[in-house]
Amino acid sequence: MALGRAVTPDNWTSISDSIRQRSKISFLKECPRFTGLAQPIAMQDDTGKSAAPSLAEIERLLSPALFVLPDRPAVVLPITQAYAEELFEGSSQPLLLAKREALLHSVRGYIGGPNTFSIIREGAIAVFYESSTGGGRSAATAIARINRRYLMDKASASQYAATKGVLDTRVIQGMGVGPQVCVSEFEDLMLFRKPVSLAALRGIGCADGANFVTARAISTDHLLAIVKAGEPNDSL
């Protein structure tokens with residue numbers, strides 16, 4: 001069953017009811033706090049039989065689905081308008097002649113400087129922020145789940161970008177000091193119905209004077225506020 005929504009403490013009960021109507025299975029308890037992708041989520045069917053699959057299993061079974069639970073790590077990842085369009089059709093200005101193979105993959109890659117390795121955590125929820133560069137909207141436009149992240153040499157990253165990423169070799173070579181970059185693979189991308197502007201992000205309290213020029217960790221409260229304002233759904 002494809003859920004196609006972000007699950008939060010606010011909609012936990014209503015989504016549980018919706019799942020029960022469609023599959024005769026529902027969540028047993030109130031929305032839990034995040035402890036890890038292996039944490040069990042108690043469920044029960046209409047016959048009273050219970051089970052506790054892991055959070056990772058539930059997100060996979062209900063994919064696309066993102067469980068925005070309290071204490072789940074989150075990070076804002078900056079992206080330009082042009083690369084947003086090529087990586088996930090997330091820009092307001094479609095570049096119809098610039099499609100990349102990345103759009104054909106459910107798992108795609110975000111490539112950043114090596115310093116982002118310590119900021120981005122596996123299992124985190126990523127918020128993509130479209131910068132003003134090239135006429136971008138200066139707004140958060142999408143969320144996704146970080147499946148894994150790792151360091152890769154720049155030459156290999158250029159080859160990787162040809163399939164699961166979108167950055168040009170020139171851009172990759174200019175990232176940071178040293179021979180490596182950080183590759184973050186993400187899945188279950190959901191675009192915001194209402195992009196969250198930089199002014200709104202400042203109001204939420206998760207933007208500083210740097211305006212998201214690099215990856216920035218944010219709190220769960222900030223993430224929940226962004227999700228509530230942006231209203232993400234699976235639209236790809």
# chains A, B, ... in the order shown; residues from 1 in each chain; ligands from 1
>>> residues_around(residues="Asn233 in chain A", least_positions_apart="4", cutoff="10 Å", atoms="only C-alpha atoms", output="list in words")
Leu3, Gly4, Arg5, Ala6, Pro64, Ala65, Leu66, Ala142, Ile143, Asp188, Leu189, Met190, Leu191, Phe192 and Arg193 of chain A
>>> select_by_dssp(residues="range 22-142 of chain A", states="strand (DSSP E or B)", output="VMD selection string")
chain A and resid 25 to 27 40 43 to 45 50 to 51 54 65 to 67 74 to 79 108 to 112 125 to 130 139 to 142
>>> closest_atom_pairs(of="range 32-89 of chain A", to="range 124-136 of chain A", cutoff="8 Å", atoms="only C-alpha atoms", output="tab-separated table")
residue	atom	partner	partner_atom	distance
A:Leu66	CA	A:Ile125	CA	7.9
A:Val68	CA	A:Ile125	CA	7.4
A:Arg72	CA	A:Ala124	CA	6.4
A:Pro73	CA	A:Ala124	CA	4.7
A:Ala74	CA	A:Ile125	CA	4.7
A:Val75	CA	A:Ala126	CA	5.0
A:Val76	CA	A:Val127	CA	4.6
A:Leu77	CA	A:Phe128	CA	4.9
A:Pro78	CA	A:Tyr129	CA	4.7
A:Ile79	CA	A:Glu130	CA	5.0
A:Thr80	CA	A:Ser131	CA	5.3
A:Gln81	CA	A:Gly136	CA	4.9
A:Ala82	CA	A:Gly134	CA	7.5
A:Ala84	CA	A:Glu130	CA	7.1
>>> closest_residue(among="A:Gly113, A:Pro40, A:Pro9, A:Gly203", to="Pro53 in chain A", atoms="only C-alpha atoms")
A:Pro40
>>> closest_residue(among="A:Ser54, A:Asn11, A:Thr116, A:Gln39", to="Ser184 in chain A", atoms="only C-alpha atoms")
A:Thr116
>>> closest_residue(among="A:Arg22, A:Arg148, A:Lys228, A:Arg137", to="Ala199 in chain A", atoms="only C-alpha atoms")
A:Arg137
>>> residues_around(residues="Asp45 in chain A", least_positions_apart="4", cutoff="8 Å", atoms="only C-alpha atoms", output="list in words")
Arg20, Lys24, Ile25, Ser26, Lys49 and Ser50 of chain A
>>> write_last_selection(atoms="C-alpha atoms", output="tab-separated table (two decimals), in the first residue's frame")
chain	number	residue	atom	x	y	z
A	20	ARG	CA	-7.06	0.40	8.85
A	24	LYS	CA	-7.45	-3.79	8.13
A	25	ILE	CA	-4.25	-2.96	10.03
A	26	SER	CA	-3.64	-0.01	12.34
A	49	LYS	CA	-3.34	-10.29	15.80
A	50	SER	CA	-0.45	-7.96	16.59
>>> atom_distance(atom1="CA of Val183 in chain A", atom2="CA of Ala161 in chain A")
9.6 Å
>>> select_by_dssp(residues="range 123-166 of chain A", states="alpha helix (DSSP H)", output="PyMOL selection string")
chain A and resi 154-161
>>> residues_around(residues="Lys194 in chain A", least_positions_apart="4", cutoff="10 Å", atoms="only C-alpha atoms", output="PDB file with N, CA and C atoms, in the first residue's frame")
ATOM      1  N   ALA A 139      13.391  29.001  -0.878  1.00  0.00           N
ATOM      2  CA  ALA A 139      12.345  28.336  -0.106  1.00  0.00           C
ATOM      3  C   ALA A 139      12.640  26.848   0.016  1.00  0.00           C
ATOM      4  N   ALA A 140      12.154  26.253   1.099  1.00  0.00           N
ATOM      5  CA  ALA A 140      12.187  24.803   1.244  1.00  0.00           C
ATOM      6  C   ALA A 140      11.102  24.228   0.348  1.00  0.00           C
ATOM      7  N   THR A 141      11.456  23.245  -0.470  1.00  0.00           N
ATOM      8  CA  THR A 141      10.530  22.770  -1.495  1.00  0.00           C
ATOM      9  C   THR A 141      10.215  21.280  -1.432  1.00  0.00           C
ATOM     10  N   ALA A 142      10.973  20.498  -0.642  1.00  0.00           N
ATOM     11  CA  ALA A 142      10.761  19.051  -0.641  1.00  0.00           C
ATOM     12  C   ALA A 142      11.425  18.422   0.575  1.00  0.00           C
ATOM     13  N   VAL A 227       7.267  20.911   7.897  1.00  0.00           N
ATOM     14  CA  VAL A 227       6.363  19.948   7.268  1.00  0.00           C
ATOM     15  C   VAL A 227       4.916  20.436   7.345  1.00  0.00           C
ATOM     16  N   LYS A 228       4.542  20.977   8.490  1.00  0.00           N
ATOM     17  CA  LYS A 228       3.175  21.493   8.643  1.00  0.00           C
ATOM     18  C   LYS A 228       2.907  22.635   7.674  1.00  0.00           C
ATOM     19  N   ALA A 229       3.896  23.510   7.501  1.00  0.00           N
ATOM     20  CA  ALA A 229       3.723  24.654   6.603  1.00  0.00           C
ATOM     21  C   ALA A 229       3.772  24.241   5.137  1.00  0.00           C
ATOM     22  N   GLY A 230       4.628  23.263   4.817  1.00  0.00           N
ATOM     23  CA  GLY A 230       4.834  22.896   3.422  1.00  0.00           C
ATOM     24  C   GLY A 230       3.836  21.909   2.854  1.00  0.00           C
ATOM     25  N   GLU A 231       3.218  21.105   3.718  1.00  0.00           N
ATOM     26  CA  GLU A 231       2.235  20.105   3.284  1.00  0.00           C
ATOM     27  C   GLU A 231       2.794  19.200   2.181  1.00  0.00           C
ATOM     28  N   PRO A 232       3.767  18.358   2.531  1.00  0.00           N
ATOM     29  CA  PRO A 232       4.365  17.491   1.503  1.00  0.00           C
ATOM     30  C   PRO A 232       3.447  16.357   1.087  1.00  0.00           C
TER      31      PRO A 232
END
>>> atom_distance(atom1="CA of Asp168 in chain A", atom2="CA of Ser118 in chain A")
23.6 Å
>>> residues_around(residues="Ala157 in chain A", least_positions_apart="2", cutoff="8 Å", atoms="only C-alpha atoms", output="ChimeraX atom specification")
/A:111,152-155,159-161,172,181,183
>>> write_last_selection(atoms="all heavy atoms", output="mmCIF file, in the first residue's frame")
data_model
loop_
_atom_site.group_PDB
_atom_site.id
_atom_site.type_symbol
_atom_site.label_atom_id
_atom_site.label_comp_id
_atom_site.auth_asym_id
_atom_site.auth_seq_id
_atom_site.Cartn_x
_atom_site.Cartn_y
_atom_site.Cartn_z
ATOM 1 N N ILE A 111 25.152 15.360 -3.546
ATOM 2 C CA ILE A 111 26.603 15.437 -3.378
ATOM 3 C C ILE A 111 26.966 16.776 -2.757
ATOM 4 O O ILE A 111 26.586 17.836 -3.259
ATOM 5 C CB ILE A 111 27.317 15.265 -4.732
ATOM 6 C CG1 ILE A 111 26.944 13.903 -5.343
ATOM 7 C CG2 ILE A 111 28.835 15.371 -4.559
ATOM 8 C CD1 ILE A 111 27.487 13.690 -6.744
ATOM 9 N N MET A 152 33.338 9.798 -0.935
ATOM 10 C CA MET A 152 33.721 9.233 -2.226
ATOM 11 C C MET A 152 34.729 10.173 -2.877
ATOM 12 O O MET A 152 34.632 11.396 -2.730
ATOM 13 C CB MET A 152 32.479 9.087 -3.117
ATOM 14 C CG MET A 152 32.746 8.543 -4.512
ATOM 15 S SD MET A 152 31.229 8.459 -5.526
ATOM 16 C CE MET A 152 30.395 7.049 -4.787
ATOM 17 N N ASP A 153 35.701 9.609 -3.578
ATOM 18 C CA ASP A 153 36.661 10.474 -4.253
ATOM 19 C C ASP A 153 35.963 11.222 -5.387
ATOM 20 O O ASP A 153 34.967 10.749 -5.949
ATOM 21 C CB ASP A 153 37.849 9.669 -4.774
ATOM 22 C CG ASP A 153 37.477 8.716 -5.894
ATOM 23 O OD1 ASP A 153 37.443 9.157 -7.059
ATOM 24 O OD2 ASP A 153 37.202 7.536 -5.597
ATOM 25 N N LYS A 154 36.474 12.384 -5.707
ATOM 26 C CA LYS A 154 35.787 13.277 -6.638
ATOM 27 C C LYS A 154 35.658 12.686 -8.041
ATOM 28 O O LYS A 154 34.653 12.913 -8.725
ATOM 29 C CB LYS A 154 36.505 14.622 -6.687
ATOM 30 C CG LYS A 154 36.366 15.420 -5.390
ATOM 31 C CD LYS A 154 37.103 16.745 -5.451
ATOM 32 C CE LYS A 154 36.899 17.539 -4.169
ATOM 33 N NZ LYS A 154 37.632 18.827 -4.167
ATOM 34 N N ALA A 155 36.639 11.918 -8.469
ATOM 35 C CA ALA A 155 36.559 11.315 -9.798
ATOM 36 C C ALA A 155 35.399 10.321 -9.863
ATOM 37 O O ALA A 155 34.615 10.315 -10.818
ATOM 38 C CB ALA A 155 37.875 10.625 -10.144
ATOM 39 N N GLN A 159 31.392 10.313 -11.919
ATOM 40 C CA GLN A 159 30.744 9.211 -12.624
ATOM 41 C C GLN A 159 29.399 8.886 -11.985
ATOM 42 O O GLN A 159 28.412 8.622 -12.677
ATOM 43 C CB GLN A 159 31.650 7.980 -12.611
ATOM 44 C CG GLN A 159 32.967 8.185 -13.359
ATOM 45 C CD GLN A 159 33.883 6.974 -13.264
ATOM 46 O OE1 GLN A 159 33.650 6.060 -12.487
ATOM 47 N NE2 GLN A 159 34.938 6.977 -14.058
ATOM 48 N N TYR A 160 29.355 8.921 -10.657
ATOM 49 C CA TYR A 160 28.111 8.661 -9.924
ATOM 50 C C TYR A 160 27.045 9.688 -10.306
ATOM 51 O O TYR A 160 25.875 9.351 -10.504
ATOM 52 C CB TYR A 160 28.397 8.720 -8.425
ATOM 53 C CG TYR A 160 27.189 8.550 -7.534
ATOM 54 C CD1 TYR A 160 26.857 7.309 -7.011
ATOM 55 C CD2 TYR A 160 26.383 9.640 -7.197
ATOM 56 C CE1 TYR A 160 25.755 7.152 -6.181
ATOM 57 C CE2 TYR A 160 25.279 9.490 -6.377
ATOM 58 C CZ TYR A 160 24.971 8.245 -5.870
ATOM 59 O OH TYR A 160 23.872 8.095 -5.060
ATOM 60 N N ALA A 161 27.459 10.945 -10.419
ATOM 61 C CA ALA A 161 26.518 12.027 -10.712
ATOM 62 C C ALA A 161 25.868 11.874 -12.076
ATOM 63 O O ALA A 161 24.787 12.414 -12.322
ATOM 64 C CB ALA A 161 27.221 13.377 -10.621
ATOM 65 N N ILE A 172 31.805 19.503 -8.810
ATOM 66 C CA ILE A 172 32.275 18.507 -7.844
ATOM 67 C C ILE A 172 33.741 18.732 -7.497
ATOM 68 O O ILE A 172 34.137 18.666 -6.329
ATOM 69 C CB ILE A 172 32.049 17.084 -8.402
ATOM 70 C CG1 ILE A 172 30.545 16.796 -8.488
ATOM 71 C CG2 ILE A 172 32.742 16.038 -7.532
ATOM 72 C CD1 ILE A 172 30.198 15.494 -9.173
ATOM 73 N N VAL A 181 34.302 13.973 -1.583
ATOM 74 C CA VAL A 181 33.030 14.653 -1.334
ATOM 75 C C VAL A 181 32.143 13.693 -0.550
ATOM 76 O O VAL A 181 32.447 12.507 -0.413
ATOM 77 C CB VAL A 181 32.321 15.060 -2.648
ATOM 78 C CG1 VAL A 181 33.100 16.148 -3.360
ATOM 79 C CG2 VAL A 181 32.119 13.848 -3.554
ATOM 80 N N VAL A 183 28.562 11.827 -0.379
ATOM 81 C CA VAL A 183 27.389 11.420 -1.149
ATOM 82 C C VAL A 183 26.307 10.973 -0.171
ATOM 83 O O VAL A 183 26.546 10.102 0.673
ATOM 84 C CB VAL A 183 27.721 10.272 -2.120
ATOM 85 C CG1 VAL A 183 26.459 9.805 -2.848
ATOM 86 C CG2 VAL A 183 28.784 10.707 -3.115
#
>>> atom_distance(atom1="CA of Ala210 in chain A", atom2="CA of Cys182 in chain A")
20.5 Å
>>> residues_around(residues="Ser23 in chain A", least_positions_apart="2", cutoff="12 Å", atoms="only C-alpha atoms", output="ChimeraX atom specification")
/A:1-3,15-21,25-27,43-46,61-62
>>> write_last_selection(atoms="N, CA, C and O atoms", output="PDB file, in the first residue's frame")
ATOM      1  N   MET A   1       0.839  -1.191   0.000  1.00  0.00           N
ATOM      2  CA  MET A   1       0.000   0.000   0.000  1.00  0.00           C
ATOM      3  C   MET A   1       0.876   1.244   0.000  1.00  0.00           C
ATOM      4  O   MET A   1       1.760   1.389   0.850  1.00  0.00           O
ATOM      5  N   ALA A   2       0.688   2.121  -0.944  1.00  0.00           N
ATOM      6  CA  ALA A   2       1.461   3.357  -1.031  1.00  0.00           C
ATOM      7  C   ALA A   2       0.770   4.441  -0.213  1.00  0.00           C
ATOM      8  O   ALA A   2      -0.364   4.819  -0.503  1.00  0.00           O
ATOM      9  N   LEU A   3       1.456   4.930   0.815  1.00  0.00           N
ATOM     10  CA  LEU A   3       0.862   5.955   1.672  1.00  0.00           C
ATOM     11  C   LEU A   3       0.947   7.331   1.020  1.00  0.00           C
ATOM     12  O   LEU A   3      -0.027   8.080   0.982  1.00  0.00           O
ATOM     13  N   ILE A  15      -4.064   8.954  10.135  1.00  0.00           N
ATOM     14  CA  ILE A  15      -3.406   8.071   9.172  1.00  0.00           C
ATOM     15  C   ILE A  15      -3.569   6.614   9.595  1.00  0.00           C
ATOM     16  O   ILE A  15      -3.774   5.729   8.759  1.00  0.00           O
ATOM     17  N   SER A  16      -3.504   6.352  10.897  1.00  0.00           N
ATOM     18  CA  SER A  16      -3.747   4.995  11.384  1.00  0.00           C
ATOM     19  C   SER A  16      -5.143   4.527  10.988  1.00  0.00           C
ATOM     20  O   SER A  16      -5.335   3.391  10.535  1.00  0.00           O
ATOM     21  N   ASP A  17      -6.129   5.408  11.133  1.00  0.00           N
ATOM     22  CA  ASP A  17      -7.502   5.069  10.745  1.00  0.00           C
ATOM     23  C   ASP A  17      -7.593   4.819   9.240  1.00  0.00           C
ATOM     24  O   ASP A  17      -8.290   3.899   8.789  1.00  0.00           O
ATOM     25  N   SER A  18      -6.887   5.631   8.460  1.00  0.00           N
ATOM     26  CA  SER A  18      -6.904   5.466   7.006  1.00  0.00           C
ATOM     27  C   SER A  18      -6.280   4.136   6.598  1.00  0.00           C
ATOM     28  O   SER A  18      -6.797   3.435   5.716  1.00  0.00           O
ATOM     29  N   ILE A  19      -5.172   3.776   7.247  1.00  0.00           N
ATOM     30  CA  ILE A  19      -4.520   2.499   6.946  1.00  0.00           C
ATOM     31  C   ILE A  19      -5.439   1.337   7.308  1.00  0.00           C
ATOM     32  O   ILE A  19      -5.542   0.349   6.574  1.00  0.00           O
ATOM     33  N   ARG A  20      -6.140   1.462   8.435  1.00  0.00           N
ATOM     34  CA  ARG A  20      -7.056   0.397   8.854  1.00  0.00           C
ATOM     35  C   ARG A  20      -8.191   0.214   7.849  1.00  0.00           C
ATOM     36  O   ARG A  20      -8.585  -0.914   7.529  1.00  0.00           O
ATOM     37  N   GLN A  21      -8.712   1.309   7.327  1.00  0.00           N
ATOM     38  CA  GLN A  21      -9.794   1.223   6.349  1.00  0.00           C
ATOM     39  C   GLN A  21      -9.344   0.544   5.061  1.00  0.00           C
ATOM     40  O   GLN A  21     -10.119  -0.162   4.413  1.00  0.00           O
ATOM     41  N   ILE A  25      -5.348  -3.001   9.063  1.00  0.00           N
ATOM     42  CA  ILE A  25      -4.247  -2.964  10.027  1.00  0.00           C
ATOM     43  C   ILE A  25      -4.104  -1.526  10.516  1.00  0.00           C
ATOM     44  O   ILE A  25      -4.265  -0.580   9.746  1.00  0.00           O
ATOM     45  N   SER A  26      -3.803  -1.358  11.803  1.00  0.00           N
ATOM     46  CA  SER A  26      -3.641  -0.011  12.338  1.00  0.00           C
ATOM     47  C   SER A  26      -2.548   0.015  13.398  1.00  0.00           C
ATOM     48  O   SER A  26      -2.126  -1.025  13.908  1.00  0.00           O
ATOM     49  N   PHE A  27      -2.086   1.216  13.720  1.00  0.00           N
ATOM     50  CA  PHE A  27      -1.101   1.376  14.784  1.00  0.00           C
ATOM     51  C   PHE A  27      -1.777   1.136  16.131  1.00  0.00           C
ATOM     52  O   PHE A  27      -2.924   1.534  16.346  1.00  0.00           O
ATOM     53  N   MET A  43       1.577  -2.779  15.722  1.00  0.00           N
ATOM     54  CA  MET A  43       0.416  -2.735  14.840  1.00  0.00           C
ATOM     55  C   MET A  43      -0.494  -3.916  15.146  1.00  0.00           C
ATOM     56  O   MET A  43      -0.069  -4.915  15.736  1.00  0.00           O
ATOM     57  N   GLN A  44      -1.759  -3.800  14.732  1.00  0.00           N
ATOM     58  CA  GLN A  44      -2.725  -4.865  14.990  1.00  0.00           C
ATOM     59  C   GLN A  44      -3.749  -4.913  13.862  1.00  0.00           C
ATOM     60  O   GLN A  44      -4.152  -3.871  13.333  1.00  0.00           O
ATOM     61  N   ASP A  45      -4.171  -6.138  13.494  1.00  0.00           N
ATOM     62  CA  ASP A  45      -5.200  -6.250  12.466  1.00  0.00           C
ATOM     63  C   ASP A  45      -6.570  -6.407  13.110  1.00  0.00           C
ATOM     64  O   ASP A  45      -6.699  -6.437  14.343  1.00  0.00           O
ATOM     65  N   ASP A  46      -7.607  -6.513  12.287  1.00  0.00           N
ATOM     66  CA  ASP A  46      -8.978  -6.554  12.796  1.00  0.00           C
ATOM     67  C   ASP A  46      -9.292  -7.809  13.594  1.00  0.00           C
ATOM     68  O   ASP A  46     -10.275  -7.855  14.336  1.00  0.00           O
ATOM     69  N   LEU A  61       7.293  -0.682   3.338  1.00  0.00           N
ATOM     70  CA  LEU A  61       6.019  -1.284   2.952  1.00  0.00           C
ATOM     71  C   LEU A  61       4.995  -0.236   2.522  1.00  0.00           C
ATOM     72  O   LEU A  61       4.159  -0.497   1.652  1.00  0.00           O
ATOM     73  N   LEU A  62       5.050   0.941   3.137  1.00  0.00           N
ATOM     74  CA  LEU A  62       4.094   2.000   2.823  1.00  0.00           C
ATOM     75  C   LEU A  62       4.660   3.015   1.830  1.00  0.00           C
ATOM     76  O   LEU A  62       4.029   4.026   1.556  1.00  0.00           O
TER      77      LEU A  62
END
>>> closest_residue(among="A:Pro195, A:Pro114, A:Gly178, A:Gly109", to="Gly165 in chain A", atoms="only C-alpha atoms")
A:Gly109
